[in-house]
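Below is one structure, written out as structure tokens, with a few remarks after it.
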Amino acid sequence: MALLCREGAERAEQRAFLEEHLLTWVPDFCADLQRCAGTGFYRCVAQLTLGWLKLEEGLLQAEENAPSPFSCRVSTPALDRILEALGKEYRIYAPKRFPGRGARAGSDLVRYAPIRSAAEIVTDAPSDFSAKEIFYPVNQTMLYFQDDACRESVLSDQREILIFARPCDINAVRRLDQIFLGNGGEQDVYYRRLREKVRFLLLECGGGWDTCFCVSMGSNRTEDYSLALRLEEGGALVQVKDPAFAPYFEGADACAYTPGFVEENRRAARLPVIPDRETLKTASGLDFWKQYDERCIGCGGCNTVCPTCSCFDTVDVIYNETSRDGERRRVWSSCMLRDFTATAGGHRARSTPGANMRFKVLHKVYDYKARFGGEEHMCVGCGRCDRRCPKDISFYDAVCGFTQALEQEAEHK
Ligand code: SF4
Ligand code: SF4
């Protein structure tokens with residue numbers, strides 16, 4: 001069952017496996033075990049196993065009986081009324097425009113921020129920053145300390161969170177979930193307490209932008225959403241998948257809408273094939289990386305906008321120099337910063353921008369998949385890093401150029 005869940009098997013397949021295999025013999029076996037076992041331990045194991053089977057059966061049954069998704073058309077005023085009603089229960093975020101605040105002179109900034117009306121949702125431009133800062137803030141207090149005592153931080157706002165996001169960004173959150181919640185047996189409580197409040201409202205992506213390569217990264221489609229919306233002139237087409245939102249759309253005109261997904265980008269990334277440690281060693285030693293020693297200034301901007309970058313630093317902030325009161329914060333960090341790998345004594349595991357670029361590229365298109373298995377790389381191909389870099393360094397070009405350099409090296413061997 002765990003394997004079926006992990007590999008994203010349909011509910012019907014899971015139910016078939018449960019009914020046609022497990023339920024045909026495990027309950028009888030557990031009953032025998034409870035009757036015959038000489039120790040309490042095995043009787044308890046049998047009881048737990050029976051309880052688990054009942055739970056699985058009940059959950060799958062409940063999902064089967066859940067109302068099916070429906071679609072409808074709403075006008076902009078109606079959508080605004082729905083947003084107003086949702087806003088009483090949820091915090092609602094979407095890509096929003098901040099005129100004149102962009103990185104380049106005179107440009108606008110598009111970033112995730114609270115919204116109250118449909119007109120605030122930006123659909124004609126990509127967002128400069130990702131949605132991750134909503135549930136993984138740039139700067140987050142973990143605990144407070146006072147002399148020898150310490151107190152955990154608590155969330156000041158307990159409301160659930162709704163985020164309007166495109167497929168690549170929803171898929172990016174799954175990567176972050178893997179890193180914070182499924183990496184090494186311990187879950188990150190600071191991430192989890194915000195993340196478990198989040199539900200996604202899928203913003204249908206009309207065709208992407210010049211810098212997108214989500215199709216190459218397999219992140220152009222998603223089923224992980226409560227509502228899907230196509231915002232149009234005068235209103236929106238909406239698919240309501242999560243029954244919790246059905247009451248908000250009662251009385252709306254039914255229609256046959258299902259969200260479409262981008263099937264082709266203007267760019268198609270060529271990804272490296274690294275089947276063994278020898279190839280990995282070759283990849284790490286390529287001269288290709290040296291060009292970034294001159295070009296990259298190590299500002300970390302590319303990591304800051306990336307929806308899947310997760311590195312942070314922890315800092316203790318002492319409130320004033322005569323007391324021992326303060327707080328511990330975690331703050332986003334970046335593998336592209338010069339001192340990211342600095343340790344006591346002045347040693348740095350990676351000491352050049354080229355080495356940092358090598359690390360980042362391999363992390364995004366090799367390490368993650370090698371560590372967690374499956375088909376997904378860490379990068380979702382959103383193209384934000386390319387748009388952000390003040391030195392016009394393209395991550396996409398780095399990946400494709402690296403792939404080519406690796407292939408050429410293999411040919412010469
Ligand atoms: S590495 Fe660049 S293209 Fe890939 S997910 Fe991060 S910001 Fe997007
Ligand atoms: S690649 Fe560009 S954005 Fe990233 S650290 Fe280097 S200069 Fe900054």
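Residue numbering restarts at 1 for every chain of the structure tokens, chains are lettered A, B, ... in their displayed order, and ligands are numbered from 1 as they appear.
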Nearby polymer residues, ligand 1, at most 7 Å, only C-alpha atoms and all ligand atoms, as a PyMOL selection string: chain A and resi 302-303+305-309+364+378-386+395-396
Contacts of ligand 2, 9 Å or closer, only C-alpha atoms and all ligand atoms, given as a PyMOL selection string: chain A and resi 292+295-304+334-337+353+356-357+385-395
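Every protein or nucleic acid residue with an atom no more than 10 Å from Leu362 in chain A, counting only C-alpha atoms and leaving out same-chain residues fewer than 6 positions away, appears here: Pro272, Leu280, Ala283, Ser284, Asn356, Tyr368, Met378, Val399 and Phe402 of chain A.
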Output file for the residues above (N, CA and C atoms, as a PDB file, in the first residue's frame):
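As a result, result16.pdb now contains:
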```
ATOM      1  N   PRO A 272      21.405  16.374 -18.063  1.00  0.00           N
ATOM      2  CA  PRO A 272      22.560  15.458 -18.080  1.00  0.00           C
ATOM      3  C   PRO A 272      22.170  14.034 -17.691  1.00  0.00           C
ATOM      4  N   LEU A 280      29.883  11.278 -12.495  1.00  0.00           N
ATOM      5  CA  LEU A 280      29.677  12.406 -11.578  1.00  0.00           C
ATOM      6  C   LEU A 280      31.003  13.134 -11.333  1.00  0.00           C
ATOM      7  N   ALA A 283      31.768  15.112 -14.325  1.00  0.00           N
ATOM      8  CA  ALA A 283      30.893  16.297 -14.362  1.00  0.00           C
ATOM      9  C   ALA A 283      31.421  17.385 -13.444  1.00  0.00           C
ATOM     10  N   SER A 284      31.879  16.987 -12.263  1.00  0.00           N
ATOM     11  CA  SER A 284      32.365  17.966 -11.283  1.00  0.00           C
ATOM     12  C   SER A 284      33.656  18.624 -11.751  1.00  0.00           C
ATOM     13  N   ASN A 356      30.372  26.990  -6.908  1.00  0.00           N
ATOM     14  CA  ASN A 356      29.009  27.156  -6.394  1.00  0.00           C
ATOM     15  C   ASN A 356      27.975  26.875  -7.482  1.00  0.00           C
ATOM     16  N   TYR A 368      19.001  15.754  -6.107  1.00  0.00           N
ATOM     17  CA  TYR A 368      17.683  15.566  -5.490  1.00  0.00           C
ATOM     18  C   TYR A 368      17.084  14.229  -5.922  1.00  0.00           C
ATOM     19  N   MET A 378      14.788  18.495  -8.844  1.00  0.00           N
ATOM     20  CA  MET A 378      14.403  19.566  -7.925  1.00  0.00           C
ATOM     21  C   MET A 378      13.898  20.797  -8.700  1.00  0.00           C
ATOM     22  N   VAL A 399      22.453  24.543 -17.532  1.00  0.00           N
ATOM     23  CA  VAL A 399      22.085  23.119 -17.550  1.00  0.00           C
ATOM     24  C   VAL A 399      22.364  22.523 -18.930  1.00  0.00           C
ATOM     25  N   PHE A 402      26.156  22.487 -19.689  1.00  0.00           N
ATOM     26  CA  PHE A 402      26.800  21.445 -18.883  1.00  0.00           C
ATOM     27  C   PHE A 402      26.530  20.073 -19.508  1.00  0.00           C
TER      28      PHE A 402
END
```
Selected residue, from A:Gly182, A:Gly87, A:Pro69, A:Pro247, that lies nearest to Ser226 in chain A when counting only C-alpha atoms: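 Nearest to Ser226 in chain A: A:Pro69.
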Two-atom distance - CA of Thr141 in chain A, CA of Glu327 in chain A (Å):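 Result for CA of Thr141 in chain A versus CA of Glu327 in chain A: 6.7 Å, one decimal.
Nearest to Ser153 in chain A of all the residues A:Ala244, A:His21, A:Lys413, A:Arg328 is A:Arg328, based on only C-alpha atoms.
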Contacts of Gly260 in chain A at 12 Å (only C-alpha atoms; same-chain gap of 4+ positions) as a list in words: Arg166, Pro167, Leu202, Leu203, Glu204, Cys205, Gly206, Gly207, Asn220, Arg221, Thr222, Glu223, Ala228, Leu229, Arg230, Leu237, Val238 and Gln239 of chain A
Distance of CA of Ser351 in chain A from CA of Pro275 in chain A, expressed in Å to one decimal place: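 Atom-to-atom, CA of Pro275 in chain A and CA of Ser351 in chain A are spaced 27.0 Å apart.
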Residues of range 238-301 of chain A in alpha helix (DSSP H), written as a PyMOL selection string: chain A and resi 277-284+291-295+301
I want to know what sits within 12 Å of Lys96 in chain A, based on only C-alpha atoms, with residues of the same chain fewer than 5 positions away left out; could you give that as a PDB file with C-alpha atoms, in the first residue's frame?
```
ATOM      1  CA  ARG A 101       9.324  48.228  -7.270  1.00  0.00           C
ATOM      2  CA  ASP A 108       7.151  46.514 -11.700  1.00  0.00           C
ATOM      3  CA  LEU A 109       7.522  43.824  -9.079  1.00  0.00           C
ATOM      4  CA  VAL A 110       5.126  40.879  -9.087  1.00  0.00           C
ATOM      5  CA  ARG A 111       5.152  38.913  -5.881  1.00  0.00           C
ATOM      6  CA  TYR A 112       2.759  36.929  -3.706  1.00  0.00           C
ATOM      7  CA  ALA A 113       0.727  39.096  -1.354  1.00  0.00           C
ATOM      8  CA  PRO A 114      -2.711  39.089   0.300  1.00  0.00           C
ATOM      9  CA  ILE A 115      -5.538  39.917  -2.109  1.00  0.00           C
ATOM     10  CA  ARG A 116      -9.187  40.884  -1.693  1.00  0.00           C
ATOM     11  CA  SER A 117     -10.432  40.992  -5.291  1.00  0.00           C
ATOM     12  CA  ALA A 118      -9.926  39.170  -8.591  1.00  0.00           C
ATOM     13  CA  ALA A 119      -8.555  42.324 -10.260  1.00  0.00           C
ATOM     14  CA  GLU A 120      -5.479  42.148  -8.022  1.00  0.00           C
ATOM     15  CA  ILE A 121      -4.424  38.743  -9.385  1.00  0.00           C
ATOM     16  CA  VAL A 122      -1.698  39.181 -11.996  1.00  0.00           C
ATOM     17  CA  THR A 123      -2.095  36.863 -14.990  1.00  0.00           C
ATOM     18  CA  ASP A 124      -0.255  38.785 -17.703  1.00  0.00           C
ATOM     19  CA  ALA A 125       3.254  38.431 -16.239  1.00  0.00           C
ATOM     20  CA  PRO A 126       5.225  35.825 -14.319  1.00  0.00           C
ATOM     21  CA  SER A 127       5.731  36.435 -10.620  1.00  0.00           C
ATOM     22  CA  ASP A 128       9.265  37.498  -9.685  1.00  0.00           C
ATOM     23  CA  PHE A 129       9.167  35.669  -6.373  1.00  0.00           C
ATOM     24  CA  SER A 130       7.577  32.320  -5.649  1.00  0.00           C
ATOM     25  CA  ALA A 131       4.820  31.457  -3.201  1.00  0.00           C
ATOM     26  CA  ILE A 163      -2.728  30.353  -2.551  1.00  0.00           C
ATOM     27  CA  PHE A 164      -3.450  31.055  -6.218  1.00  0.00           C
ATOM     28  CA  ALA A 165      -0.580  29.290  -7.988  1.00  0.00           C
TER      29      ALA A 165
END
```
Test item, strand (DSSP E or B) assignment across range 317-359 of chain A, answer as a list in words: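 Put together, the selection reads Val317, Ile318, Asp325, Gly326, Glu327, Arg328, Arg329, Arg330, Val331, Trp332, Ala342 and Arg348 of chain A.
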Distance query Gln146 in chain A at most 12 Å, only C-alpha atoms, self and fewer than 6 positions along chain excluded, as a list in words: Glu152, Asp316, Val317, Ile318, Tyr319, Asn320, Ser323, Arg324, Asp325, Gly326, Glu327 and Arg328 of chain A
Neighbour list for Trp52 in chain A as a ChimeraX atom specification, cut-off 12 Å, only C-alpha atoms, skip fewer than 3 positions in-chain: /A:1,18,22-23,26-27,30,45-49,55-59
For CA of Arg174 in chain A and CA of Asn265 in chain A, the interatomic separation in Å (one decimal): 21.7 Å
For Asp177 in chain A, the nearest of the candidates A:Leu4, A:Leu143, A:Phe372, A:Val138, counting only C-alpha atoms: A:Phe372
Residue nearest Val273 in chain A among A:Glu20, A:Asp148, A:Asp367, A:Glu84 (counting only C-alpha atoms): A:Asp367
Closest of A:Ile274, A:Gly8, A:Asp253, A:Glu411 to Tyr366 in chain A - atom-to-atom distances counting only C-alpha atoms: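 Answer, going by the shortest atom-to-atom distance: A:Ile274.
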A:Glu409, A:Trp289, A:Pro259, A:Leu231 ranked by distance to Val74 in chain A, top pick (using only C-alpha atoms):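 So, comparing all the options, the nearest one is A:Leu231.
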